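Asks: Okay, handing you the structure first.
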Amino acid sequence: MFISLTVSSSVLLDIPPFSLNLIQNVQNMLSVDFMQSAFLAGTVLAIVAGLVGYFVVLRHLVFAVEALSHVTFTGALLAAVVGQQPIVGLFGVTALVALAMGLLGNRSARSRDVEVGTVLAWVLGLGVLFLSMYTTTSSGAKGSLGVNILFGSILGLQPQQVQWITIVGTLAIAAILAIARPLLFASVDSDVAAVRGIPVRGLNILFLVLVAISVAAAVPAVGVLLNSALIVTPAAIAQRLVSRPFMALLLSAVIALLFTWVGLTIGFYAPVPISFLMSAIAFLSYVLVATFSRKN
Amino acid sequence: MLITTSLLADAGEVHFSWNPIANLQELFAFHFMQNAFLAGTMIAIVAGAMGYFMVLRGQSFAGHTLANVGFAGASGAALLGGSPVVGMLLFGIAAVFGIDWLSGRTQRAKIPGGQDVAIGTTQTFALGLGLLFVQLGTSYAAGIYALLFGAVLGISDRDIAVIALTAGTTLTGLMAIARPLLFASIDADVAAARGVPVRLLNRLFLILLAFAVAEAVQVVGVLLIFALLVTPAAIAEQVTARPIAAVGLSMGLAIGFTWAGLAVAYFIPYPVGFFITSFAFATYVAVRLRRIRWQPSV
């Protein structure tokens with residue numbers, strides 16, 4: 001279902017060489033079909049990830065998100081074994097697990113760490129089972145499905161997937177913006193928020209489901225393992241740069257967008273995996289900000 | 001790992017009988033199964049002991065990350081033609097210092113969840129690097145799967161020697177710092193006040209964790225070493241509050257799950273990792289549901 005990752009973009013077709021006329025470069029890049037898809041899907045995904053990520057970091061849910069994104073690996077492979085579209089399994093299983101996590105409620109940081117870890121370990125074991133069932137039952141060159149789920153293939157997105165990502169992503173953006181204010185209140189001080197009549201528990205669950213949706217939507221493009229480059233890092237950088245919450249929220253989305261666009265552009269000209277570029281740009285930016293930010 | 005067992009089953013070489021002794025004899029008849037049990041046992045002992053401290057310190061995320069960093073190290077070493085264990089150790093140690101530095105910067109800036117963010121960002125970068133190395137190399141999907149999920153039935157005698165060496169080093173290191181580490185894990189502030197070098201211990205422990213992971217990756221894989229680290233320790237912690245009993249129980253459980261997983265996977269052609277994690281998780285759920293607590297005898 002995905003074009004193999006091993007085919008780098010520059011091999012696929014004759015791409016005009018990089019020129020010093022930057023506008024010309026952008027025009028060249030956007031005239032290619034798969035780059036249009038990649039930019040459309042990447043833009044939506046980056047905004048979702050940036051917005052959701054701000055709250056993920058604020059609420060100390062980084063490890064939980066990591067676990068959720070591994071759940072998508074198992075979910076997608078389960079769907080493949082049963083013969084469904086991977087995307088159905090992705091959304092279904094991930095949303096279920098998020099719901100369960102929400103129902104478990106708030107615990108101390110350490111017991112949550114252990115619980116998430118234990119569930120994550122088993123989910124990985126299940127993923128291995130489904131992977132072996134999938135690779136032994138299906139014939140042909142389907143062995144790369146697992147790798148594509150793990151690392152994504154944003155240049156190999158199919159029109160249907162782009163449609164899915166755009167629709168689901170736009171809905172998720174709208175939902176987050178709609179609940180941003182009470183969610184922020186509940187994230188900063190849940191006790192006071194509850195006293196003020198904000199449905200804290202309901203918000204928690206709704207938020208986790210939104211996280212699940214955005215993680216699952218991102219998997220075909222950036223993959224299970226590299227999700228947090230767009231979710232965690234932009235939000236962490238934004239938090240270091242500005243202190244006003246809504247500014248940080250917006251900045252987080254903008255930074256995620258920048259990582260995606262820069263990654264796609266470099267990846268278009270250089271035969272290097274886009275997922276790697278995005279994670280490297282994210283890491284280097286974070287190191288730079290950690291070194292030079294005035295908040296130290 | 002998948003291939004070997006199912007091939008055996010296809011060839012009709014696996015004979016499950018209702019006579020348990022015959023089954024055991026058959027299980028150990030093959031050299032590769034002997035090696036698998038030997039390596040599995042050593043890894044389980046180290047993982048059980050390290051896991052206890054990892055869970056106690058709330059560092060499951062760090063453990064998961066070091067396992068993933070191992071993926072980058074092993075694929076980088078494969079690309080350069082070096083030893084995967086050395087690659088994993090180098091990357092693991094680099095990651096420990098990176099995480100330590102980044103989270104130190106963040107904590108000074110008083111940003112919530114600084115360590116988690118540092119860990120997450122480092123991990124993503126390491127995985128991206130791993131992807132790059134794998135792609136620059138030749139064997140694509142097969143290489144990734146072997147690293148991520150291990151190859152428990154393809155362990156050579158040389159692997160056994162390497163595992164024994166790293167396992168021994170890790171356990172010795174852990175025993176050397178166990179006492180102050182326990183103190184620092186239970187109450188970091190009091191330990192620091194008493195002059196225990198809390199931050200240095202944290203670094204040392206994470207490096208030992210990187211060792212434990214590097215040793216285990218060829219057998220259970222990057223993704224599943226984590227299961228041996230976290231679940232037995234989480235169960236032990238539920239059952240007893242006494243540290244020494246908990247470490248022992250955690251090691252015993254890790255060995256038990258590994259043996260059971262290997263034995264079952266020999267007769268049923270599904271991955272060992274699936275059985276190990278499932279036995280572990282089922283036990284964890286059972287313990288949580290029954291809420292057994294052995295009161296420490298005074």
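The chains in the structure tokens are called A, B, ... from first to last as shown; in each chain the residues are counted from 1, and the ligands are counted from 1 in the order shown.
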Give me, as a tab-separated table, the closest atom pair and its distance (Å, one decimal) for every residue of chain B within a cut-off of 7 Å of chain A, counting only C-alpha atoms, rows sorted by chain and rising number.

Replies:
```
residue	atom	partner	partner_atom	distance
B:Leu2	CA	A:Ser132	CA	6.7
B:Val55	CA	A:Val114	CA	6.2
B:Gly58	CA	A:Arg110	CA	4.9
B:Ser60	CA	A:Gly117	CA	6.0
B:Phe61	CA	A:Phe63	CA	6.1
B:Leu102	CA	A:Ala290	CA	6.9
B:Arg105	CA	A:Ala290	CA	6.2
B:Arg108	CA	A:Asn296	CA	6.0
B:Ala109	CA	A:Asn296	CA	4.7
B:Pro112	CA	A:Leu58	CA	6.7
B:Gly113	CA	A:His60	CA	5.6
B:Asp116	CA	A:Val62	CA	6.2
B:Val117	CA	A:Val232	CA	6.5
B:Gly120	CA	A:Ser228	CA	6.7
B:Thr121	CA	A:Phe283	CA	5.9
B:Thr122	CA	A:Phe283	CA	6.7
B:Thr124	CA	A:Leu226	CA	5.4
B:Phe125	CA	A:Ser279	CA	5.0
B:Leu127	CA	A:Leu225	CA	6.9
B:Gly128	CA	A:Phe276	CA	4.1
B:Leu129	CA	A:Phe276	CA	6.2
B:Leu131	CA	A:Phe276	CA	6.7
B:Leu132	CA	A:Phe276	CA	6.3
B:Gln135	CA	A:Thr6	CA	6.7
B:Ala141	CA	A:Ser144	CA	6.1
B:Leu223	CA	A:Leu124	CA	6.7
B:Leu224	CA	A:Ala121	CA	6.7
B:Phe226	CA	A:Ala121	CA	6.4
B:Ala227	CA	A:Ala121	CA	4.6
B:Val230	CA	A:Thr118	CA	6.2
B:Thr231	CA	A:Thr118	CA	5.4
B:Ala234	CA	A:Val114	CA	6.6
B:Tyr270	CA	A:Leu129	CA	6.6
B:Pro271	CA	A:Leu129	CA	6.1
B:Gly273	CA	A:Gly125	CA	5.7
B:Phe274	CA	A:Gly125	CA	4.2
B:Thr277	CA	A:Trp122	CA	5.1
B:Ser278	CA	A:Trp122	CA	6.1
B:Phe281	CA	A:Trp122	CA	6.1
```

Asks: Restricted to N, CA, C and O atoms, what would the selected residues look like written as a compact mmCIF listing (two decimals), in the first residue's frame?

Replies:
```
# COMPACT_ATOMS: atom_id res chain seq x y z
N LEU B 2 11.05 -15.91 13.81
CA LEU B 2 9.79 -16.51 13.38
C LEU B 2 10.09 -17.67 12.45
O LEU B 2 9.48 -18.72 12.51
N VAL B 55 11.95 0.72 37.86
CA VAL B 55 10.56 0.96 38.25
C VAL B 55 10.51 1.80 39.52
O VAL B 55 9.72 2.73 39.63
N GLY B 58 10.98 5.32 38.78
CA GLY B 58 10.04 5.91 37.82
C GLY B 58 10.72 6.26 36.51
O GLY B 58 10.43 7.29 35.92
N SER B 60 10.85 4.29 33.68
CA SER B 60 10.47 3.40 32.58
C SER B 60 10.68 4.06 31.22
O SER B 60 11.09 3.41 30.26
N PHE B 61 10.37 5.35 31.16
CA PHE B 61 10.49 6.04 29.87
C PHE B 61 11.96 6.08 29.45
O PHE B 61 12.30 5.83 28.28
N LEU B 102 20.48 17.88 28.78
CA LEU B 102 19.27 18.58 28.35
C LEU B 102 18.30 18.75 29.51
O LEU B 102 17.70 19.81 29.68
N ARG B 105 19.45 21.47 31.88
CA ARG B 105 19.15 22.81 31.36
C ARG B 105 17.69 23.14 31.60
O ARG B 105 17.33 24.25 31.95
N ARG B 108 16.67 23.79 35.29
CA ARG B 108 17.06 25.11 35.77
C ARG B 108 16.07 26.16 35.26
O ARG B 108 15.84 27.17 35.91
N ALA B 109 15.51 25.92 34.07
CA ALA B 109 14.56 26.88 33.51
C ALA B 109 13.18 26.71 34.13
O ALA B 109 12.24 27.40 33.75
N PRO B 112 8.02 22.50 33.37
CA PRO B 112 7.48 21.22 33.84
C PRO B 112 7.84 20.08 32.91
O PRO B 112 7.92 20.25 31.69
N GLY B 113 8.08 18.92 33.49
CA GLY B 113 8.31 17.72 32.69
C GLY B 113 9.57 17.78 31.86
O GLY B 113 9.64 17.19 30.79
N ASP B 116 11.20 14.36 30.81
CA ASP B 116 10.43 13.65 29.79
C ASP B 116 10.68 14.22 28.41
O ASP B 116 10.85 13.50 27.44
N VAL B 117 10.68 15.55 28.33
CA VAL B 117 10.88 16.20 27.03
C VAL B 117 12.28 15.89 26.51
O VAL B 117 12.45 15.54 25.33
N GLY B 120 12.26 12.29 25.33
CA GLY B 120 11.49 12.11 24.09
C GLY B 120 12.22 12.66 22.88
O GLY B 120 12.29 12.01 21.83
N THR B 121 12.81 13.85 23.03
CA THR B 121 13.50 14.47 21.90
C THR B 121 14.73 13.66 21.51
O THR B 121 14.99 13.42 20.33
N THR B 122 15.49 13.23 22.51
CA THR B 122 16.68 12.44 22.21
C THR B 122 16.30 11.13 21.52
O THR B 122 16.94 10.71 20.56
N THR B 124 13.66 10.41 19.72
CA THR B 124 13.22 10.58 18.34
C THR B 124 14.41 10.75 17.41
O THR B 124 14.46 10.17 16.33
N PHE B 125 15.37 11.54 17.85
CA PHE B 125 16.54 11.77 17.03
C PHE B 125 17.31 10.46 16.81
O PHE B 125 17.72 10.15 15.69
N LEU B 127 16.15 7.44 16.86
CA LEU B 127 15.42 6.56 15.95
C LEU B 127 15.53 7.05 14.51
O LEU B 127 15.66 6.25 13.58
N GLY B 128 15.50 8.37 14.34
CA GLY B 128 15.67 8.92 12.99
C GLY B 128 17.04 8.54 12.44
O GLY B 128 17.17 8.12 11.28
N LEU B 129 18.07 8.66 13.29
CA LEU B 129 19.41 8.26 12.87
C LEU B 129 19.44 6.78 12.50
O LEU B 129 20.03 6.39 11.49
N LEU B 131 17.04 4.97 11.39
CA LEU B 131 16.40 4.81 10.08
C LEU B 131 17.38 5.17 8.97
O LEU B 131 17.49 4.46 7.97
N LEU B 132 18.08 6.28 9.17
CA LEU B 132 19.05 6.72 8.16
C LEU B 132 20.13 5.65 7.95
O LEU B 132 20.44 5.28 6.81
N GLN B 135 18.85 2.69 6.12
CA GLN B 135 18.59 2.96 4.71
C GLN B 135 19.88 3.06 3.91
O GLN B 135 19.92 2.67 2.75
N ALA B 141 14.43 -4.29 5.36
CA ALA B 141 13.40 -4.68 6.32
C ALA B 141 13.90 -5.76 7.27
O ALA B 141 13.69 -5.69 8.48
N LEU B 223 12.65 -3.68 21.20
CA LEU B 223 11.32 -3.34 21.71
C LEU B 223 10.93 -4.23 22.89
O LEU B 223 10.15 -3.83 23.73
N LEU B 224 11.47 -5.44 22.97
CA LEU B 224 10.99 -6.36 23.99
C LEU B 224 11.88 -6.48 25.22
O LEU B 224 11.45 -6.97 26.25
N PHE B 226 12.53 -4.15 26.90
CA PHE B 226 11.77 -3.28 27.79
C PHE B 226 10.76 -4.08 28.59
O PHE B 226 10.55 -3.83 29.78
N ALA B 227 10.13 -5.08 27.96
CA ALA B 227 9.14 -5.89 28.66
C ALA B 227 9.78 -6.64 29.82
O ALA B 227 9.22 -6.72 30.91
N VAL B 230 10.52 -3.98 32.66
CA VAL B 230 9.48 -3.28 33.40
C VAL B 230 8.49 -4.22 34.08
O VAL B 230 8.15 -4.03 35.25
N THR B 231 8.01 -5.24 33.39
CA THR B 231 6.88 -5.99 33.94
C THR B 231 7.23 -6.84 35.16
O THR B 231 6.51 -6.75 36.16
N ALA B 234 7.52 -4.54 38.02
CA ALA B 234 6.23 -3.96 38.42
C ALA B 234 5.42 -4.96 39.23
O ALA B 234 4.74 -4.60 40.19
N TYR B 270 4.70 -19.14 16.95
CA TYR B 270 4.55 -17.69 17.01
C TYR B 270 5.74 -17.12 17.75
O TYR B 270 6.44 -17.83 18.45
N PRO B 271 5.96 -15.81 17.62
CA PRO B 271 7.20 -15.23 18.16
C PRO B 271 7.35 -15.40 19.67
O PRO B 271 6.37 -15.28 20.41
N GLY B 273 8.79 -13.36 21.66
CA GLY B 273 8.51 -12.09 22.34
C GLY B 273 7.05 -11.94 22.69
O GLY B 273 6.71 -11.42 23.76
N PHE B 274 6.20 -12.42 21.83
CA PHE B 274 4.77 -12.33 22.11
C PHE B 274 4.42 -13.14 23.36
O PHE B 274 3.70 -12.67 24.24
N THR B 277 5.91 -11.48 26.65
CA THR B 277 5.17 -10.29 27.10
C THR B 277 3.78 -10.66 27.57
O THR B 277 3.27 -10.07 28.52
N SER B 278 3.16 -11.64 26.94
CA SER B 278 1.79 -11.99 27.33
C SER B 278 1.75 -12.66 28.70
O SER B 278 0.90 -12.34 29.53
N PHE B 281 2.38 -9.88 31.19
CA PHE B 281 1.26 -8.96 31.36
C PHE B 281 0.10 -9.63 32.09
O PHE B 281 -0.53 -9.04 32.97
```

Asks: Find the spatial neighbours of stretch 247-264 of chain B, counting only C-alpha atoms, within a cut-off of 6 Å - ignore same-chain residues fewer than 3 positions away - and output them as a PyMOL selection string.

Replies: chain B and resi 41+44-45+48-49+52+232-233+236+244+267+272+275-276

Asks: I'd like the interatomic distance between atom CA of B:Leu206 and atom CA of B:Gly92, to a tenth of an Å.

Replies: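 These atoms are spaced 8.7 Å apart.
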
Asks: Going by DSSP on the backbone, which residues of stretch 5-117 of chain B come out as helix (DSSP H, G or I)? List them as a PyMOL selection string.

Replies: chain B and resi 5-10+20-27+31-56+60-80+84-108+114-117

Asks: Name all residues at most 8 Å from A:Ser37 (count only C-alpha atoms; drop same-chain ones fewer than 5 positions away) and give them as a list of chain:residue names.

Replies: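 Contacts, with the query itself left out: A:Leu155, A:Leu157, A:Pro159, A:Val162.
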
Asks: Filtering to N, CA and C atoms, could you give me those residues as a PDB file, in the first residue's frame?

Replies:
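Generated file (part04.pdb):
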```pdb
ATOM      1  N   LEU A 155       6.181  10.556   1.505  1.00  0.00           N
ATOM      2  CA  LEU A 155       6.201  10.754   0.053  1.00  0.00           C
ATOM      3  C   LEU A 155       5.385   9.681  -0.666  1.00  0.00           C
ATOM      4  N   LEU A 157       2.275   8.720   0.261  1.00  0.00           N
ATOM      5  CA  LEU A 157       0.863   8.778   0.669  1.00  0.00           C
ATOM      6  C   LEU A 157      -0.045   8.638  -0.541  1.00  0.00           C
ATOM      7  N   PRO A 159      -3.865   9.128  -2.367  1.00  0.00           N
ATOM      8  CA  PRO A 159      -4.881  10.186  -2.306  1.00  0.00           C
ATOM      9  C   PRO A 159      -5.892   9.958  -1.187  1.00  0.00           C
ATOM     10  N   VAL A 162      -4.405  10.900   2.098  1.00  0.00           N
ATOM     11  CA  VAL A 162      -4.310  12.349   2.242  1.00  0.00           C
ATOM     12  C   VAL A 162      -5.671  12.917   2.628  1.00  0.00           C
TER      13      VAL A 162
END
```

Asks: Can you measure atom CA of A:Leu250 to atom CA of A:Leu51 for me? One decimal in Å is fine.

Replies: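 Interatomic distance here is 7.1 Å.
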
Asks: Within 9 Å of stretch 32-39 of chain B, counting only C-alpha atoms, which residues show up once you throw out same-chain ones fewer than 2 positions away? Write them as a list in words, please.

Replies: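 Final neighbour list, sorted by chain and number: Leu27, Phe28, Ala29, Phe30, Thr41, Met42, Ile43, Ala44, Val152, Leu153, Gly154, Ile155, Ser156, Asp157, Asp159, Ile160, Ile163, Ala164, Ala216, Val219, Thr258, Trp259, Leu262 and Tyr266 of chain B.
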